[in-house]
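The structure appears below as structure tokens.
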Amino acid sequence: MTNSKTIRNASLVMMFTGLGASSASVVLPLLRDQYHLTYDFSGLLLAFLSVGNLAAALLCGFLPRFLGVRRTVLILSLGSMLGYALMLLTGIPLFLLLGFLLIGFGKGTSLNNATVAAGDAADDRTGTVNLLNALFAAGSLAAPVVYLVSRPVSWRLPLFILAAGGGVVWLLFQAMHLDPAPSSAREKSDTAFLKDRHFWYSAAFLFGQQCAEISVTGWLVTYFKDQGILTGIFSELTVTVIWTAMLIGRLALAFLIPATSRLYSLTLMSAASLVTYLLMLLSSNGILALITLFLFGLSISGAYPTVIARSNRSMSNASVGVLLPVGGIGAILMPYITGAVAEQIGIRGGMMCSLAALAVMLVFSVLLKRCENEGEEK
């Protein structure tokens, strides 16, 4: 498979993964209404999504040593299809948890392997990773549209469509050239990144970023609806607003903004994310809240792909298999913390928790910059 075909297939994987992974938060209010779920349990569902994402990233980093990349990916990428199929068949809480866990497996597998495959094939890794994440945002952007179009037919139809989308991801990986041989001999020495301070600063930054992004996007619809800021179809479209902003930001970084621009600064992204998110929480007017939400999405859009592309010089399944799970711990903790706090003091109080995560991003962006400056001086 040529480099261009690898990037094309990886891009399609990211787009369908965005649709499936982000739809989990879109269908959460549907599941809450259908099965009378509490804030607490809803937060646990989002946490299980992130647990699956973290576990898959770890397994994709180390299972290829024994099974080969191809077999590992084809097994784990079935998660999204099976997860939505499970929700389609039953509303038993245990199976709902398993469903979100499996969707997380599918997300983590796709993010890890599409990023590594396209990154290896690309001349401009930072631009390509931003492009991949822009297409992930495009798929996420389509999530509420798919839901709103299919929901009036039957509440089960969105889940069926999302299960089919998970099947498409599996077929795309099936068509890709993935190494079938175990890689233990080749990757035994691929652990130098573990001694790199810059790598661990990147992981801490990603922890804060994932805390904020996953919790905010997961609870967004519920927040706007329960606070009465937006009602009905307009609350569902808040996911479209934030993913439109992320899509625009990532496409701009991939194609329009030079790599030397200050807009690539993680510190600038972090500070802007913190300010715009705080303004959103302080907004009670629907239009003003949507404007600040859009600005928040634009501010945080480039943080994830930029820090991954700059995390270490040699991108591999092992390094990405450590980096994404460390960040994924935040994606597990914050959605549940948000739900638990919301159960006690209300959804606005729960959403305030993400301000701490954005502060973590800001602190480690400064440390990363200092580390990079020290490296240039040497």
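Residues in the structure tokens are named by chain (A, B, ... in the order shown) and by number from 1 within that chain; ligands are numbered from 1 in the order shown.
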
Could you give me the residues within stretch 163-358 of chain A that DSSP places in helix (DSSP H, G or I), as a ChimeraX atom specification? /A:163-175,184-187,192-195,197-226,233-236,238-256,262-264,266-282,286-300,303-309,317-345,347-352,354-358

Restrict the selected residues to C-alpha atoms and save them as a compact mmCIF listing (two decimals), in the first residue's frame.
# COMPACT_ATOMS: atom_id res chain seq x y z
CA ALA A 163 -23.09 -0.16 15.04
CA ALA A 164 -22.85 -0.28 11.22
CA GLY A 165 -20.32 2.57 11.33
CA GLY A 166 -18.21 0.48 13.69
CA GLY A 167 -18.33 -2.32 11.12
CA VAL A 168 -17.01 0.09 8.45
CA VAL A 169 -14.00 0.89 10.66
CA TRP A 170 -13.22 -2.83 10.96
CA LEU A 171 -13.45 -3.23 7.14
CA LEU A 172 -11.08 -0.30 6.60
CA PHE A 173 -8.51 -1.88 8.90
CA GLN A 174 -9.05 -5.19 7.12
CA ALA A 175 -8.08 -3.47 3.84
CA SER A 184 8.94 -8.62 20.10
CA ALA A 185 12.42 -8.75 18.63
CA ARG A 186 12.02 -5.47 16.79
CA GLU A 187 10.52 -3.42 19.66
CA ALA A 192 14.07 5.15 25.33
CA PHE A 193 11.11 7.57 25.38
CA LEU A 194 10.36 6.48 28.97
CA LYS A 195 13.48 8.37 30.13
CA ARG A 197 11.32 14.38 30.51
CA HIS A 198 9.72 16.07 27.50
CA PHE A 199 7.64 12.92 26.88
CA TRP A 200 6.27 12.87 30.44
CA TYR A 201 5.48 16.59 30.39
CA SER A 202 3.56 15.86 27.19
CA ALA A 203 1.72 13.02 28.92
CA ALA A 204 0.76 15.28 31.85
CA PHE A 205 -0.45 17.96 29.44
CA LEU A 206 -2.50 15.35 27.60
CA PHE A 207 -3.94 14.18 30.92
CA GLY A 208 -5.36 17.66 31.56
CA GLN A 209 -6.48 18.07 27.96
CA GLN A 210 -8.36 14.78 27.94
CA CYS A 211 -9.92 15.56 31.34
CA ALA A 212 -11.36 18.75 29.88
CA GLU A 213 -12.27 17.67 26.33
CA ILE A 214 -13.91 14.35 27.15
CA SER A 215 -15.81 15.64 30.17
CA VAL A 216 -17.02 18.81 28.43
CA THR A 217 -18.11 17.09 25.21
CA GLY A 218 -19.66 14.21 27.17
CA TRP A 219 -21.73 16.42 29.49
CA LEU A 220 -22.40 19.31 27.11
CA VAL A 221 -25.88 18.35 25.94
CA THR A 222 -27.00 17.47 29.46
CA TYR A 223 -25.60 20.76 30.85
CA PHE A 224 -27.33 23.04 28.35
CA LYS A 225 -30.60 21.10 28.59
CA ASP A 226 -30.77 20.80 32.38
CA ILE A 233 -33.20 20.31 19.31
CA PHE A 234 -30.97 23.31 20.10
CA SER A 235 -29.36 21.58 23.09
CA GLU A 236 -28.52 18.58 20.89
CA THR A 238 -24.24 22.09 21.04
CA VAL A 239 -22.11 19.07 20.13
CA THR A 240 -22.20 20.28 16.52
CA VAL A 241 -21.02 23.73 17.61
CA ILE A 242 -17.97 22.50 19.53
CA TRP A 243 -16.94 19.96 16.89
CA THR A 244 -17.37 22.53 14.10
CA ALA A 245 -14.95 24.74 16.00
CA MET A 246 -12.52 21.84 16.46
CA LEU A 247 -12.76 20.92 12.79
CA ILE A 248 -12.02 24.50 11.69
CA GLY A 249 -9.11 24.81 14.13
CA ARG A 250 -7.48 21.53 13.12
CA LEU A 251 -7.90 22.13 9.39
CA ALA A 252 -6.36 25.58 9.81
CA LEU A 253 -3.37 24.12 11.64
CA ALA A 254 -3.00 21.39 9.02
CA PHE A 255 -3.25 23.54 5.89
CA LEU A 256 -3.29 27.29 6.53
CA ARG A 262 2.69 31.35 17.51
CA LEU A 263 -0.77 29.81 17.09
CA TYR A 264 0.95 26.42 17.50
CA LEU A 266 0.42 25.05 23.58
CA THR A 267 0.56 27.79 26.21
CA LEU A 268 -1.58 30.09 24.08
CA MET A 269 -4.05 27.27 23.39
CA SER A 270 -4.27 26.43 27.10
CA ALA A 271 -4.77 30.01 28.29
CA ALA A 272 -7.43 30.67 25.64
CA SER A 273 -9.22 27.41 26.52
CA LEU A 274 -9.31 28.31 30.22
CA VAL A 275 -10.68 31.82 29.63
CA THR A 276 -13.30 30.86 27.03
CA TYR A 277 -14.56 27.89 29.07
CA LEU A 278 -14.97 30.08 32.16
CA LEU A 279 -16.90 32.61 30.08
CA MET A 280 -19.16 29.83 28.80
CA LEU A 281 -19.99 28.70 32.33
CA LEU A 282 -20.78 32.29 33.30
CA GLY A 286 -28.15 30.94 24.84
CA ILE A 287 -26.47 32.88 22.03
CA LEU A 288 -23.61 34.10 24.23
CA ALA A 289 -23.11 30.57 25.60
CA LEU A 290 -22.87 29.16 22.07
CA ILE A 291 -20.37 31.84 21.02
CA THR A 292 -18.11 31.15 24.00
CA LEU A 293 -18.51 27.39 23.45
CA PHE A 294 -17.38 27.83 19.83
CA LEU A 295 -14.36 29.87 20.97
CA PHE A 296 -13.52 27.18 23.54
CA GLY A 297 -13.63 24.47 20.86
CA LEU A 298 -11.45 26.60 18.58
CA SER A 299 -8.94 27.21 21.40
CA ILE A 300 -8.56 23.58 22.46
CA ALA A 303 -3.87 20.87 21.68
CA TYR A 304 -4.33 17.09 21.33
CA PRO A 305 -2.76 16.53 17.89
CA THR A 306 0.03 19.07 18.45
CA VAL A 307 1.22 17.59 21.73
CA ILE A 308 1.11 14.05 20.31
CA ALA A 309 3.12 15.02 17.23
CA ASN A 317 3.04 1.70 18.85
CA ALA A 318 4.88 1.47 22.19
CA SER A 319 5.28 5.24 22.75
CA VAL A 320 1.74 6.05 21.62
CA GLY A 321 0.57 3.05 23.67
CA VAL A 322 1.93 4.77 26.79
CA LEU A 323 1.12 8.39 25.93
CA LEU A 324 -2.57 7.90 25.12
CA PRO A 325 -3.37 5.78 28.22
CA VAL A 326 -1.70 8.30 30.55
CA GLY A 327 -3.85 10.99 29.00
CA GLY A 328 -6.78 8.59 29.07
CA ILE A 329 -6.69 8.37 32.85
CA GLY A 330 -7.97 11.94 32.87
CA ALA A 331 -10.70 11.00 30.42
CA ILE A 332 -11.82 8.32 32.88
CA LEU A 333 -11.71 10.41 36.04
CA MET A 334 -13.19 13.75 35.03
CA PRO A 335 -16.51 12.59 33.47
CA TYR A 336 -17.26 10.59 36.60
CA ILE A 337 -16.13 13.40 38.92
CA THR A 338 -18.35 15.80 36.98
CA GLY A 339 -21.35 13.47 37.39
CA ALA A 340 -20.66 12.85 41.09
CA VAL A 341 -20.33 16.57 41.85
CA ALA A 342 -23.42 17.32 39.73
CA GLU A 343 -25.42 14.82 41.78
CA GLN A 344 -24.53 16.73 44.94
CA ILE A 345 -24.55 20.42 43.95
CA ILE A 347 -24.65 20.24 36.87
CA ARG A 348 -23.05 23.72 36.79
CA GLY A 349 -20.90 22.81 39.79
CA GLY A 350 -19.91 19.55 38.10
CA MET A 351 -18.91 21.36 34.91
CA MET A 352 -16.73 23.74 36.96
CA SER A 354 -12.94 20.97 34.23
CA LEU A 355 -11.39 24.36 35.07
CA ALA A 356 -8.82 22.49 37.19
CA ALA A 357 -7.93 20.29 34.20
CA LEU A 358 -7.46 23.35 31.99

Atom CA of A:Leu54 and atom CA of A:Leu67, how far apart in Å? 19.2 Å

Here is a test: counting only C-alpha atoms, which residue of A:Ile103, A:Val69, A:Ile75, A:Leu12 is nearest to A:Asn53?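 Of all the options, A:Ile103 lies closest to A:Asn53.
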
For A:Gly43, the nearest of the candidates A:Tyr147, A:Trp155, A:Phe100, A:Phe16, counting only C-alpha atoms: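 Among A:Tyr147, A:Trp155, A:Phe100, A:Phe16, it is A:Phe100 that comes nearest to A:Gly43.
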
Need to verify the contact set: A:Asn3, 12 Å, only C-alpha atoms, exclusion of same-chain residues closer than 3 positions in sequence. Can you return it as a ChimeraX atom specification? /A:6-10,117-123,128,176-177

Can you pull out every residue within 9 Å of A:Tyr84, counting only C-alpha atoms, but drop anything in the same chain fewer than 3 positions away, and send it as a list of chain:residue names? A:Gly20, A:Ala24, A:Gly79, A:Ser80, A:Met81, A:Met87, A:Leu88, A:Leu89, A:Gly99, A:Phe100, A:Leu102, A:Ile103, A:Leu159, A:Phe160, A:Ile161, A:Leu162, A:Ala163, A:Ala164, A:Gly166

Any idea what the distance is between atom CA of A:Leu230 and atom CA of A:Asn285? 8.8 Å

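Rounded to one decimal, atom CA of A:Thr115 and atom CA of A:Ala56 lie 13.9 Å from each other.
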
Who sits within 9 Å of stretch 29-35 of chain A, only C-alpha atoms, same chain under 2 positions skipped, as a list in words: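 Surrounding residues, per the criterion: Ser25, Val26, Val27, Leu37, Thr38, Tyr39, Ser42, Met87, Gly91, Ile92, Pro93, Trp155, Val221 and Thr222 of chain A.
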
Excluding same-chain residues fewer than 3 positions from A:Lys369, what lies within 9 Å of it counting only C-alpha atoms, as a list of chain:residue names?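 Once the adjacent positions are removed, what remains is A:Ser265, A:Leu266, A:Thr267, A:Phe364, A:Ser365, A:Val366, A:Glu372, A:Asn373, A:Glu374.
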
Selected residues written out, N, CA and C atoms, as a PDB file, in the first residue's frame:
ATOM      1  N   SER A 265       1.461  27.450  19.659  1.00  0.00           N
ATOM      2  CA  SER A 265       1.897  27.464  21.056  1.00  0.00           C
ATOM      3  C   SER A 265       0.876  26.779  21.954  1.00  0.00           C
ATOM      4  N   LEU A 266       1.315  25.759  22.664  1.00  0.00           N
ATOM      5  CA  LEU A 266       0.423  25.049  23.575  1.00  0.00           C
ATOM      6  C   LEU A 266       0.013  25.940  24.744  1.00  0.00           C
ATOM      7  N   THR A 267       0.891  26.866  25.123  1.00  0.00           N
ATOM      8  CA  THR A 267       0.557  27.788  26.212  1.00  0.00           C
ATOM      9  C   THR A 267      -0.580  28.720  25.803  1.00  0.00           C
ATOM     10  N   PHE A 364       1.648  22.679  32.442  1.00  0.00           N
ATOM     11  CA  PHE A 364       2.578  21.797  31.742  1.00  0.00           C
ATOM     12  C   PHE A 364       2.934  22.309  30.344  1.00  0.00           C
ATOM     13  N   SER A 365       2.119  23.179  29.787  1.00  0.00           N
ATOM     14  CA  SER A 365       2.517  23.811  28.526  1.00  0.00           C
ATOM     15  C   SER A 365       3.719  24.717  28.746  1.00  0.00           C
ATOM     16  N   VAL A 366       3.753  25.396  29.896  1.00  0.00           N
ATOM     17  CA  VAL A 366       4.897  26.249  30.237  1.00  0.00           C
ATOM     18  C   VAL A 366       6.144  25.393  30.469  1.00  0.00           C
ATOM     19  N   GLU A 372      11.804  22.477  25.901  1.00  0.00           N
ATOM     20  CA  GLU A 372      12.210  22.639  24.496  1.00  0.00           C
ATOM     21  C   GLU A 372      13.289  23.704  24.329  1.00  0.00           C
ATOM     22  N   ASN A 373      13.179  24.781  25.104  1.00  0.00           N
ATOM     23  CA  ASN A 373      14.202  25.827  25.042  1.00  0.00           C
ATOM     24  C   ASN A 373      15.545  25.323  25.534  1.00  0.00           C
ATOM     25  N   GLU A 374      15.528  24.519  26.617  1.00  0.00           N
ATOM     26  CA  GLU A 374      16.765  23.924  27.133  1.00  0.00           C
ATOM     27  C   GLU A 374      17.404  23.004  26.107  1.00  0.00           C
TER      28      GLU A 374
END
